[in-house]
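Below is one structure; the comments refer to it alone.
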Amino acid sequence: MKIDGRLNILIAEDDDGHARLIRLGLEEAGLRNPVVRFKDGAEAWDFISCKRSPCLQAESRYLLLLDLRMPNMGGIELLRLLKASPDIRNVQVILVSTTDDPADMDICRKLGCSDFLSKPVNVGLLAGLIKS
Amino acid sequence: MNWLIPHFWDRLNLQARLALIVALFTLLTAIGTAYQASRRIVRKTQLGLTVEYNRQMDILESVAMSAAFADGKDRADFSVERIKSVFANYRYGEDVSQISFQDTSEVSVFSRAFEVELTAPLFFSRWCGLEIIDLNRPIIADGVYYGLLSLSMSPNNSINQAWADYLYLVRVTLASFALVLFSIWIVLRTSLNPLLTLAEASRAMTGGNLSVRVAVTGSPELRAVLLAFNKMAAGFQETLASLRESESRLRQLSEWLPQLVWTTKPDGHCDYLNRRWLEYTGVPEAGQLGYGWLERLHPDDRAPAVAAWEAAVASGADFKTEYRIRRHDGEYRWFDTRAVRLRNAQGQAVKWFGSNTDITERKREEAAKDALVAALEEKEQEIVKFLYAATHDLRAPLVNIQGYSEYLEKYIKDLRETPALAAAPPEAKAKVSRLLAERIPEALGYITGGVRKMNRLINALIKVARVGRLEFDAKPLDMDALLKSVLSTFAFDLERNGAAVKVGALPGCKGDSGAINQVFVNLIGNAIKYRDGGRKLEIAVSGKLKDANTALYSVRSNGQEISASDLEKIWDLFYRVPSGSPAGEAGEGIGLTIAKRIVTLSGGRIWAESKEGEGAEFFIELPV
């Protein structure tokens, strides 16, 4: 996947500090991709499932940095909804957790998300994933 | 043929049948003989009579002739006077019933009748068929006809005689018949009677009277049979007596037992209930024998109890079950019921012996315990959940502290390099420089150091919490392969430390492969971490079967020994030996805690032993 203007970064994160850290990291890495931030899983799912405007564009590609534990709707629940919607093909998920608990990684793998990062997000790793 | 046999025949015993046959036979023979004999008598009588009559007539004729020619006369003199005097004086034969003489002019000159009495019965006389015979003879002397001599002869005397003979014959016949009957009776009495007695004795014995004996009499073979019977009866009596005695002992014993005790026949029908059972149920024994006891059971327990009992009776296996029995006051109490099948010396099942033990209290305690355990397990799950949530939540603010501290470091660096700072007055510049170069980095250092420490603790907590959340999938494990894989993960560390590792043949065991792997990773890891720098590290892993159900493994290393006071503490969460790792590698203080948790959850046991100067040995017991 090449970096192009069409890869949008979605951040689903309830902690403002954490969200801001990711933005800082992206800026630091010189990545200028559009970033949309959601305060919980439900908000992110509204966007992805086009329940409100602005919403997911079928022709664009998205990378969702998904926090595991959030109010309203957690990362796992959102992952399940995504998996149950095979028509949404242009969203790739990187699960972000506060710990490097292998149990969390297991859940991520079982639900078919592509990668797993533990907080604080290592910007180098994230940039590497985006660039690859 | 049955219709031929009279009904009463069935009622007769063998003795009577035999006697009757012989008697009938004898009687028929006797009657036949008597008949034959009497016929002969009659025939002889008839013959005799005819001869007698003629002889009588000859005599009479000669008497008449001699009378006529008496006194030297040359001519016959048949005068009436002469005839009368001759015949009057003549002594007649006893069969003569009438005698008469007619002269030439057919005038009766002389007539005389005699009474011959018939003493025999009339039917006999008729049966003989004899009649009065009249004989006439003309008296002629020297060619001169003098008259007609008539003689009537009665057969009565002969019939009387024949009757007397006949009666005699009948008497003899009856006497011989009686004699035959008597001798048969005697023979049967001496030979059959003992057999009948024997039969009666056998019947009595079957009826339960084992003290019956028969008199040993009769022929030698009979005596042998009777003797054998008596011996058999004595044997039975003795066996039964000893059986009864042992049974009564058993019952006496069971009366004293605190349990409810019962016995059944081999077919499962109850034939005895001890006093406690009767007292407990408050129902007399008679109503509870057979399968009557079932009514005392709780309705819900009856069907399963009967099914289990019938299965035990069919297979002969020990009976063990639990059910509720109704007490006299209506309360149902739980009983642990067990029964075994008793066999005699010949291996035949003779009885079931069973007992019921009141386990109501135990049941209550068990239920309370189960409820407590369930509650505890629920609490533990809650704790595990809480721990999981708490560690994640604790990490969230740390992420910010950690992340923004890094940015702060970076911002301060940027600030120090800001050209505007160079233009500041010297005092302010010195103060800011000190803050930026010393104070703030120092403060940040404490913050990041604290965060690291906090992180370590939280990570350790997560690991411990994770063990509690694991679902153990117990499968047979190939421990040789498992240890090979564990050692391969330490290949680098072992080589770097020049360690010598010896692994013996290990028996298999049952457990969750990942979890048991973790146990050995922790133990080998500790062996490396707590090595003794002063000597070459040696690690030995061995194992054996402790018993049929348990495998025992040992991980021994020649590193740092564990003091006696630490042997128990090393399993505590976050506990680290005060001396620390000789190699200076700080542990998290959770490795052994996790190992112990895994082994305990796998149904095993783990402990350590240590001798001064010899390092430490860890033992792990796991189910096979």
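Residues are referred to by chain and number: the chain letter is A, B, ... according to the order shown in the structure tokens, the number counts from 1 in that chain, and ligands are numbered separately from 1 in the order shown.
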
List every residue of chain B that has an atom at most 8 Å from any atom of chain A, giving for each one its closest atom pair and the distance in Å to one decimal, counting only C-alpha atoms, sorted by chain and then by ascending residue number, as JSON lines.
{"residue": "B:His392", "atom": "CA", "partner": "A:Thr98", "partner_atom": "CA", "distance": 6.0}
{"residue": "B:Arg395", "atom": "CA", "partner": "A:Thr98", "partner_atom": "CA", "distance": 5.8}
{"residue": "B:Ala396", "atom": "CA", "partner": "A:Thr98", "partner_atom": "CA", "distance": 6.0}
{"residue": "B:Val399", "atom": "CA", "partner": "A:Pro120", "partner_atom": "CA", "distance": 5.3}
{"residue": "B:Asn400", "atom": "CA", "partner": "A:Gly17", "partner_atom": "CA", "distance": 6.0}
{"residue": "B:Gln402", "atom": "CA", "partner": "A:Pro120", "partner_atom": "CA", "distance": 7.3}
{"residue": "B:Gly403", "atom": "CA", "partner": "A:Pro120", "partner_atom": "CA", "distance": 5.9}
{"residue": "B:Tyr404", "atom": "CA", "partner": "A:Leu21", "partner_atom": "CA", "distance": 7.6}
{"residue": "B:Asn459", "atom": "CA", "partner": "A:Thr99", "partner_atom": "CA", "distance": 7.5}
{"residue": "B:Ile462", "atom": "CA", "partner": "A:Asp101", "partner_atom": "CA", "distance": 7.1}
{"residue": "B:Lys463", "atom": "CA", "partner": "A:Asp101", "partner_atom": "CA", "distance": 7.7}
{"residue": "B:Arg466", "atom": "CA", "partner": "A:Ala103", "partner_atom": "CA", "distance": 7.7}

What's the 7 Å shell around range 298-302 of chain B, counting only C-alpha atoms, without same-chain residues fewer than 6 positions away, as number ranges by chain?
B: 323-326, 332

Please extract the residues of chain A with a backbone DSSP assignment of alpha helix (DSSP H) and present them as a PyMOL selection string.
chain A and resi 16-28+41-48+75-83+102-110+123-131

Restricted to C-alpha atoms, what would the selected residues look like written as a CSV table (one decimal), in the first residue's frame?
chain,number,residue,atom,x,y,z
A,16,ASP,CA,-8.1,12.5,24.6
A,17,GLY,CA,-4.5,12.2,25.7
A,18,HIS,CA,-4.0,9.0,23.9
A,19,ALA,CA,-5.6,10.3,20.7
A,20,ARG,CA,-3.5,13.4,20.8
A,21,LEU,CA,-0.3,11.3,21.3
A,22,ILE,CA,-1.2,9.4,18.1
A,23,ARG,CA,-1.7,12.6,16.2
A,24,LEU,CA,1.6,14.0,17.5
A,25,GLY,CA,3.3,10.8,16.5
A,26,LEU,CA,1.9,10.9,12.9
A,27,GLU,CA,2.9,14.6,12.6
A,28,GLU,CA,6.3,13.7,13.9
A,41,GLY,CA,-16.7,2.5,19.2
A,42,ALA,CA,-20.3,3.6,18.6
A,43,GLU,CA,-19.3,6.9,17.0
A,44,ALA,CA,-16.8,5.0,14.8
A,45,TRP,CA,-19.4,2.5,13.8
A,46,ASP,CA,-21.8,5.3,12.9
A,47,PHE,CA,-19.2,6.7,10.6
A,48,ILE,CA,-18.2,3.3,9.1
A,75,GLY,CA,-13.0,-2.4,20.1
A,76,ILE,CA,-13.9,-6.0,20.2
A,77,GLU,CA,-17.6,-5.3,19.6
A,78,LEU,CA,-16.8,-3.0,16.7
A,79,LEU,CA,-14.5,-5.6,15.2
A,80,ARG,CA,-17.3,-8.2,15.4
A,81,LEU,CA,-19.7,-5.7,13.6
A,82,LEU,CA,-17.1,-5.1,10.9
A,83,LYS,CA,-16.5,-8.8,10.4
A,102,PRO,CA,-1.1,-11.8,24.6
A,103,ALA,CA,-4.8,-12.5,25.4
A,104,ASP,CA,-5.7,-9.3,23.7
A,105,MET,CA,-3.5,-10.1,20.8
A,106,ASP,CA,-5.3,-13.5,20.6
A,107,ILE,CA,-8.7,-11.8,20.4
A,108,CYS,CA,-7.4,-9.5,17.7
A,109,ARG,CA,-6.1,-12.4,15.7
A,110,LYS,CA,-9.3,-14.4,16.1
A,123,VAL,CA,5.3,6.1,16.1
A,124,GLY,CA,8.1,4.4,14.2
A,125,LEU,CA,6.1,1.1,14.2
A,126,LEU,CA,2.9,2.8,13.2
A,127,ALA,CA,4.6,4.7,10.4
A,128,GLY,CA,6.1,1.4,9.2
A,129,LEU,CA,2.7,-0.2,9.2
A,130,ILE,CA,1.2,2.7,7.3
A,131,LYS,CA,4.0,2.8,4.8

Quick one: residues within 9 Å of Gly504 in chain B, only C-alpha atoms counted, chain neighbours fewer than 4 positions away excluded, as a tab-separated table (two decimals) with N, CA and C atoms, in the first residue's frame?
chain	number	residue	atom	x	y	z
B	480	ASP	N	8.93	-35.33	27.05
B	480	ASP	CA	10.25	-35.24	26.44
B	480	ASP	C	10.26	-34.13	25.39
B	540	ALA	N	19.69	-30.22	35.85
B	540	ALA	CA	19.28	-31.60	35.57
B	540	ALA	C	17.76	-31.70	35.68
B	541	VAL	N	17.15	-32.24	34.63
B	541	VAL	CA	15.69	-32.44	34.66
B	541	VAL	C	15.46	-33.95	34.62
B	542	SER	N	14.68	-34.46	35.58
B	542	SER	CA	14.42	-35.90	35.58
B	542	SER	C	12.94	-36.13	35.93
B	543	GLY	N	12.52	-37.34	35.76
B	543	GLY	CA	11.12	-37.65	36.07
B	543	GLY	C	10.90	-39.14	36.22

In chain A, DSSP strand (DSSP E) residues written as a ChimeraX atom specification
/A:7-12,35-38,61-67,91-97,115-118

Could you write out that same residue set with C-alpha atoms as a short mmCIF file (atom, residue, chain, number, x, y, z; two decimals), in the first residue's frame?
data_model
loop_
_atom_site.label_atom_id
_atom_site.label_comp_id
_atom_site.auth_asym_id
_atom_site.auth_seq_id
_atom_site.Cartn_x
_atom_site.Cartn_y
_atom_site.Cartn_z
CA LEU A 7 -5.60 6.63 2.86
CA ASN A 8 -7.56 8.06 5.76
CA ILE A 9 -6.64 7.37 9.32
CA LEU A 10 -9.50 6.76 11.74
CA ILE A 11 -8.80 6.87 15.46
CA ALA A 12 -11.33 5.32 17.82
CA VAL A 35 -7.25 11.90 10.46
CA VAL A 36 -10.75 11.45 11.91
CA ARG A 37 -11.10 10.79 15.61
CA PHE A 38 -14.06 9.12 17.38
CA ARG A 61 -9.27 3.51 1.94
CA TYR A 62 -9.14 3.67 5.70
CA LEU A 63 -6.89 2.54 8.49
CA LEU A 64 -8.70 2.25 11.80
CA LEU A 65 -6.61 2.56 14.97
CA LEU A 66 -9.01 0.91 17.35
CA ASP A 67 -8.77 1.09 21.12
CA VAL A 91 -11.20 -0.60 6.30
CA GLN A 92 -8.09 -2.13 7.79
CA VAL A 93 -7.87 -2.39 11.53
CA ILE A 94 -4.94 -2.02 13.88
CA LEU A 95 -5.94 -2.86 17.42
CA VAL A 96 -4.47 -0.61 20.08
CA SER A 97 -4.33 -1.75 23.67
CA ASP A 115 -2.10 -5.76 13.48
CA PHE A 116 -1.76 -5.05 17.12
CA LEU A 117 -0.02 -2.17 18.88
CA SER A 118 0.39 -1.46 22.57
#

12 Å contact set for range 594-599 of chain B, only C-alpha atoms, chain neighbours under 4 positions out, as a JSON list (two decimals) with C-alpha atoms, in the first residue's frame:
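This went into out_23.json:
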[["chain", "number", "residue", "atom", "x", "y", "z"],
["B", 460, "ALA", "CA", 3.24, -8.75, 36.26],
["B", 461, "LEU", "CA", -0.28, -8.38, 37.57],
["B", 462, "ILE", "CA", -1.66, -8.97, 34.08],
["B", 463, "LYS", "CA", 0.35, -12.16, 33.77],
["B", 464, "VAL", "CA", -0.92, -13.49, 37.09],
["B", 465, "ALA", "CA", -4.47, -12.50, 36.25],
["B", 466, "ARG", "CA", -4.14, -14.25, 32.91],
["B", 467, "VAL", "CA", -3.42, -17.63, 34.59],
["B", 468, "GLY", "CA", -6.72, -17.37, 36.39],
["B", 469, "ARG", "CA", -8.56, -16.71, 33.13],
["B", 470, "LEU", "CA", -6.97, -19.56, 31.23],
["B", 471, "GLU", "CA", -9.17, -22.47, 30.33],
["B", 472, "PHE", "CA", -7.07, -25.54, 30.87],
["B", 473, "ASP", "CA", -7.36, -28.10, 28.13],
["B", 474, "ALA", "CA", -5.96, -31.21, 29.85],
["B", 509, "CYS", "CA", 1.36, -36.71, 32.18],
["B", 510, "LYS", "CA", -1.94, -34.89, 31.66],
["B", 511, "GLY", "CA", -2.20, -31.13, 31.47],
["B", 512, "ASP", "CA", -2.61, -28.06, 29.32],
["B", 513, "SER", "CA", 0.37, -27.99, 27.01],
["B", 514, "GLY", "CA", 0.79, -24.19, 27.04],
["B", 515, "ALA", "CA", 0.42, -23.91, 30.81],
["B", 516, "ILE", "CA", 2.78, -26.76, 31.68],
["B", 517, "ASN", "CA", 5.23, -25.33, 29.18],
["B", 518, "GLN", "CA", 5.05, -22.06, 31.11],
["B", 519, "VAL", "CA", 5.86, -23.86, 34.38],
["B", 520, "PHE", "CA", 9.07, -25.33, 33.01],
["B", 521, "VAL", "CA", 9.98, -22.06, 31.26],
["B", 522, "ASN", "CA", 9.72, -20.32, 34.62],
["B", 523, "LEU", "CA", 11.74, -22.97, 36.45],
["B", 524, "ILE", "CA", 14.54, -23.16, 33.83],
["B", 525, "GLY", "CA", 14.49, -19.38, 33.56],
["B", 526, "ASN", "CA", 14.95, -19.12, 37.33],
["B", 552, "LEU", "CA", 6.92, -36.70, 39.55],
["B", 553, "TYR", "CA", 9.38, -34.35, 37.83],
["B", 568, "GLU", "CA", 7.58, -21.18, 51.49],
["B", 569, "LYS", "CA", 7.74, -17.47, 50.63],
["B", 570, "ILE", "CA", 9.11, -17.87, 47.13],
["B", 571, "TRP", "CA", 5.61, -18.79, 45.95],
["B", 572, "ASP", "CA", 4.13, -15.49, 47.12],
["B", 573, "LEU", "CA", 3.20, -12.82, 44.59],
["B", 574, "PHE", "CA", 5.94, -10.23, 44.05],
["B", 588, "GLU", "CA", 9.33, -9.76, 38.61],
["B", 589, "GLY", "CA", 8.49, -11.90, 41.61],
["B", 590, "ILE", "CA", 5.72, -13.70, 39.77],
["B", 603, "GLY", "CA", -4.46, -31.00, 39.92],
["B", 604, "GLY", "CA", -0.78, -31.30, 40.88],
["B", 605, "ARG", "CA", 1.67, -30.12, 43.52],
["B", 606, "ILE", "CA", 4.89, -28.15, 43.39],
["B", 607, "TRP", "CA", 7.53, -27.60, 46.08],
["B", 608, "ALA", "CA", 11.18, -26.79, 46.46],
["B", 618, "PHE", "CA", 12.07, -28.05, 42.37],
["B", 619, "PHE", "CA", 9.59, -30.95, 42.36],
["B", 620, "ILE", "CA", 6.42, -31.06, 40.29],
["B", 621, "GLU", "CA", 3.73, -33.68, 40.66],
["B", 622, "LEU", "CA", 1.18, -33.94, 37.86],
["B", 623, "PRO", "CA", -1.67, -36.35, 37.20]]

Interatomic distance between CA of Trp163 in chain B and CA of Ala120 in chain B?
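Atom-to-atom, CA of Trp163 in chain B to CA of Ala120 in chain B, that is 5.7 Å.
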
From the list B:Leu192, B:Ile21, B:Val96, B:Ala423, which residue is nearest Glu117 in chain B when using only C-alpha atoms?
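Result for the nearest residue to Glu117 in chain B: B:Val96.
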
Write out as a PyMOL selection string which residues come within 10 Å of Ser111 in chain B when counting only C-alpha atoms, dropping same-chain ones fewer than 2 positions away.
chain B and resi 84+87-88+98-102+108-109+113+149-151

Now that the selection is made, can you save its residues with N, CA and C atoms as an mmCIF file, in the first residue's frame?
data_model
loop_
_atom_site.group_PDB
_atom_site.id
_atom_site.type_symbol
_atom_site.label_atom_id
_atom_site.label_comp_id
_atom_site.auth_asym_id
_atom_site.auth_seq_id
_atom_site.Cartn_x
_atom_site.Cartn_y
_atom_site.Cartn_z
ATOM 1 N N LYS B 84 -94.370 -160.083 54.222
ATOM 2 C CA LYS B 84 -94.416 -159.057 55.266
ATOM 3 C C LYS B 84 -93.349 -159.291 56.313
ATOM 4 N N PHE B 87 -89.762 -158.707 54.823
ATOM 5 C CA PHE B 87 -89.380 -157.300 54.594
ATOM 6 C C PHE B 87 -89.437 -156.476 55.857
ATOM 7 N N ALA B 88 -90.327 -156.949 56.764
ATOM 8 C CA ALA B 88 -90.407 -156.169 58.006
ATOM 9 C C ALA B 88 -89.127 -156.309 58.806
ATOM 10 N N GLN B 98 -88.866 -146.114 49.638
ATOM 11 C CA GLN B 98 -90.145 -146.875 49.615
ATOM 12 C C GLN B 98 -89.894 -148.261 49.035
ATOM 13 N N ILE B 99 -90.613 -149.196 49.606
ATOM 14 C CA ILE B 99 -90.531 -150.557 49.091
ATOM 15 C C ILE B 99 -91.944 -151.143 49.070
ATOM 16 N N SER B 100 -92.283 -151.829 47.950
ATOM 17 C CA SER B 100 -93.646 -152.438 47.893
ATOM 18 C C SER B 100 -93.599 -153.715 47.055
ATOM 19 N N PHE B 101 -94.538 -154.523 47.304
ATOM 20 C CA PHE B 101 -94.622 -155.785 46.546
ATOM 21 C C PHE B 101 -96.069 -155.985 46.111
ATOM 22 N N GLN B 102 -96.268 -156.262 44.800
ATOM 23 C CA GLN B 102 -97.619 -156.518 44.264
ATOM 24 C C GLN B 102 -97.671 -157.973 43.842
ATOM 25 N N SER B 108 -101.317 -154.611 46.058
ATOM 26 C CA SER B 108 -100.142 -154.367 46.913
ATOM 27 C C SER B 108 -100.208 -155.258 48.132
ATOM 28 N N VAL B 109 -99.293 -156.129 48.249
ATOM 29 C CA VAL B 109 -99.228 -157.043 49.375
ATOM 30 C C VAL B 109 -98.503 -156.382 50.540
ATOM 31 N N ALA B 113 -92.745 -147.050 53.593
ATOM 32 C CA ALA B 113 -91.998 -145.827 53.164
ATOM 33 C C ALA B 113 -91.010 -145.394 54.250
ATOM 34 N N LEU B 149 -91.696 -156.533 42.537
ATOM 35 C CA LEU B 149 -91.022 -155.863 43.673
ATOM 36 C C LEU B 149 -90.660 -154.454 43.213
ATOM 37 N N SER B 150 -91.200 -153.455 43.919
ATOM 38 C CA SER B 150 -90.877 -152.043 43.564
ATOM 39 C C SER B 150 -90.010 -151.413 44.661
ATOM 40 N N LEU B 151 -88.984 -150.681 44.228
ATOM 41 C CA LEU B 151 -88.069 -150.058 45.188
ATOM 42 C C LEU B 151 -87.855 -148.588 44.769
#

What is the CA of Arg112 in chain B-CA of Pro155 in chain B distance in Å, reported with one decimal?
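So the answer is 17.6 Å.
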
What separates CA of Arg364 in chain B and CA of Leu601 in chain B is a distance of 26.9 Å

Non-local contacts of range 134-145 of chain B (12 Å; only C-alpha atoms; under 6 positions in same chain excluded) as a ChimeraX atom specification:
/B:49-50,52-66,68-69,74-78,83,95-106,151-155

The selected residues should be written to file as a compact mmCIF listing (two decimals), in the first residue's frame (atoms: N, CA and C atoms).
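This is the output file again.txt:
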# COMPACT_ATOMS: atom_id res chain seq x y z
N LEU B 49 -75.04 -144.14 43.05
CA LEU B 49 -76.45 -144.39 43.34
C LEU B 49 -77.01 -145.52 42.47
N THR B 50 -76.72 -145.44 41.18
CA THR B 50 -77.23 -146.45 40.25
C THR B 50 -76.77 -147.85 40.67
N GLU B 52 -75.68 -148.68 43.54
CA GLU B 52 -76.26 -149.02 44.84
C GLU B 52 -77.70 -149.58 44.70
N TYR B 53 -78.48 -148.90 43.83
CA TYR B 53 -79.87 -149.33 43.64
C TYR B 53 -79.94 -150.76 43.14
N ASN B 54 -79.13 -151.00 42.13
CA ASN B 54 -79.15 -152.35 41.59
C ASN B 54 -78.75 -153.39 42.62
N ARG B 55 -77.71 -152.95 43.41
CA ARG B 55 -77.25 -153.89 44.44
C ARG B 55 -78.37 -154.12 45.45
N GLN B 56 -79.00 -153.01 45.84
CA GLN B 56 -80.11 -153.11 46.80
C GLN B 56 -81.20 -154.05 46.24
N MET B 57 -81.50 -153.81 44.97
CA MET B 57 -82.54 -154.63 44.33
C MET B 57 -82.15 -156.11 44.34
N ASP B 58 -80.88 -156.37 43.99
CA ASP B 58 -80.38 -157.74 44.00
C ASP B 58 -80.53 -158.34 45.39
N ILE B 59 -80.15 -157.56 46.35
CA ILE B 59 -80.24 -158.04 47.73
C ILE B 59 -81.69 -158.37 48.08
N LEU B 60 -82.54 -157.37 47.74
CA LEU B 60 -83.95 -157.57 48.07
C LEU B 60 -84.51 -158.82 47.39
N GLU B 61 -84.09 -158.96 46.14
CA GLU B 61 -84.57 -160.12 45.38
C GLU B 61 -84.12 -161.41 46.07
N SER B 62 -82.85 -161.39 46.39
CA SER B 62 -82.32 -162.61 47.01
C SER B 62 -82.96 -162.83 48.39
N VAL B 63 -83.25 -161.70 49.05
CA VAL B 63 -83.92 -161.84 50.36
C VAL B 63 -85.31 -162.48 50.16
N ALA B 64 -86.00 -161.96 49.11
CA ALA B 64 -87.34 -162.48 48.83
C ALA B 64 -87.27 -163.97 48.47
N MET B 65 -86.24 -164.25 47.65
CA MET B 65 -86.08 -165.62 47.20
C MET B 65 -85.79 -166.54 48.38
N SER B 66 -84.89 -166.10 49.20
CA SER B 66 -84.50 -166.95 50.32
C SER B 66 -85.67 -167.14 51.29
N ALA B 68 -88.82 -167.13 50.34
CA ALA B 68 -89.80 -167.99 49.71
C ALA B 68 -89.39 -169.45 49.80
N PHE B 69 -88.05 -169.64 49.77
CA PHE B 69 -87.59 -171.03 49.79
C PHE B 69 -87.12 -171.47 51.17
N ASP B 74 -89.71 -176.81 48.32
CA ASP B 74 -89.20 -176.91 46.96
C ASP B 74 -89.97 -176.00 46.03
N ARG B 75 -90.93 -175.35 46.54
CA ARG B 75 -91.69 -174.36 45.77
C ARG B 75 -91.68 -173.06 46.50
N ALA B 76 -91.71 -172.04 45.73
CA ALA B 76 -91.63 -170.69 46.36
C ALA B 76 -92.93 -170.36 47.08
N ASP B 77 -92.78 -169.75 48.18
CA ASP B 77 -93.95 -169.36 48.94
C ASP B 77 -93.91 -167.86 49.15
N PHE B 78 -94.67 -167.14 48.29
CA PHE B 78 -94.69 -165.67 48.38
C PHE B 78 -95.98 -165.19 48.99
N ILE B 83 -93.98 -162.52 52.98
CA ILE B 83 -93.33 -161.30 52.44
C ILE B 83 -93.25 -160.26 53.56
N ASP B 95 -80.65 -145.45 51.69
CA ASP B 95 -81.15 -144.64 50.59
C ASP B 95 -82.56 -145.05 50.18
N VAL B 96 -83.03 -146.11 50.71
CA VAL B 96 -84.35 -146.62 50.30
C VAL B 96 -85.43 -145.75 50.90
N SER B 97 -86.33 -145.29 50.02
CA SER B 97 -87.40 -144.43 50.53
C SER B 97 -88.75 -145.17 50.51
N GLN B 98 -88.87 -146.11 49.64
CA GLN B 98 -90.15 -146.88 49.61
C GLN B 98 -89.89 -148.26 49.03
N ILE B 99 -90.61 -149.20 49.61
CA ILE B 99 -90.53 -150.56 49.09
C ILE B 99 -91.94 -151.14 49.07
N SER B 100 -92.28 -151.83 47.95
CA SER B 100 -93.65 -152.44 47.89
C SER B 100 -93.60 -153.71 47.05
N PHE B 101 -94.54 -154.52 47.30
CA PHE B 101 -94.62 -155.78 46.55
C PHE B 101 -96.07 -155.98 46.11
N GLN B 102 -96.27 -156.26 44.80
CA GLN B 102 -97.62 -156.52 44.26
C GLN B 102 -97.67 -157.97 43.84
N ASP B 103 -98.82 -158.53 44.16
CA ASP B 103 -98.97 -159.94 43.74
C ASP B 103 -99.37 -159.98 42.27
N THR B 104 -99.65 -161.12 41.82
CA THR B 104 -99.92 -161.29 40.41
C THR B 104 -101.18 -160.56 39.99
N SER B 105 -102.06 -160.36 40.90
CA SER B 105 -103.27 -159.62 40.53
C SER B 105 -103.08 -158.13 40.79
N GLU B 106 -101.85 -157.68 40.86
CA GLU B 106 -101.43 -156.27 41.02
C GLU B 106 -102.02 -155.64 42.28
N LEU B 151 -88.98 -150.68 44.23
CA LEU B 151 -88.07 -150.06 45.19
C LEU B 151 -87.85 -148.59 44.77
N SER B 152 -88.08 -147.69 45.69
CA SER B 152 -87.78 -146.26 45.41
C SER B 152 -86.52 -145.85 46.20
N MET B 153 -85.59 -145.25 45.49
CA MET B 153 -84.32 -144.87 46.14
C MET B 153 -84.22 -143.33 46.15
N SER B 154 -83.99 -142.76 47.32
CA SER B 154 -83.86 -141.28 47.42
C SER B 154 -82.38 -140.87 47.27
N PRO B 155 -82.12 -139.77 46.52
CA PRO B 155 -80.71 -139.32 46.37
C PRO B 155 -80.27 -138.41 47.53

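Checking B:Tyr272, B:Trp9, B:Phe229, B:Trp185 one by one against Ser248 in chain B, counting only C-alpha atoms, you find the shortest gap at B:Tyr272.
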
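Neighbouring residues of Met70 in chain A at 6 Å or closer, counting only C-alpha atoms and skipping chain neighbours under 3 positions away, are Asp14, Asp40 and Gly74 of chain A.
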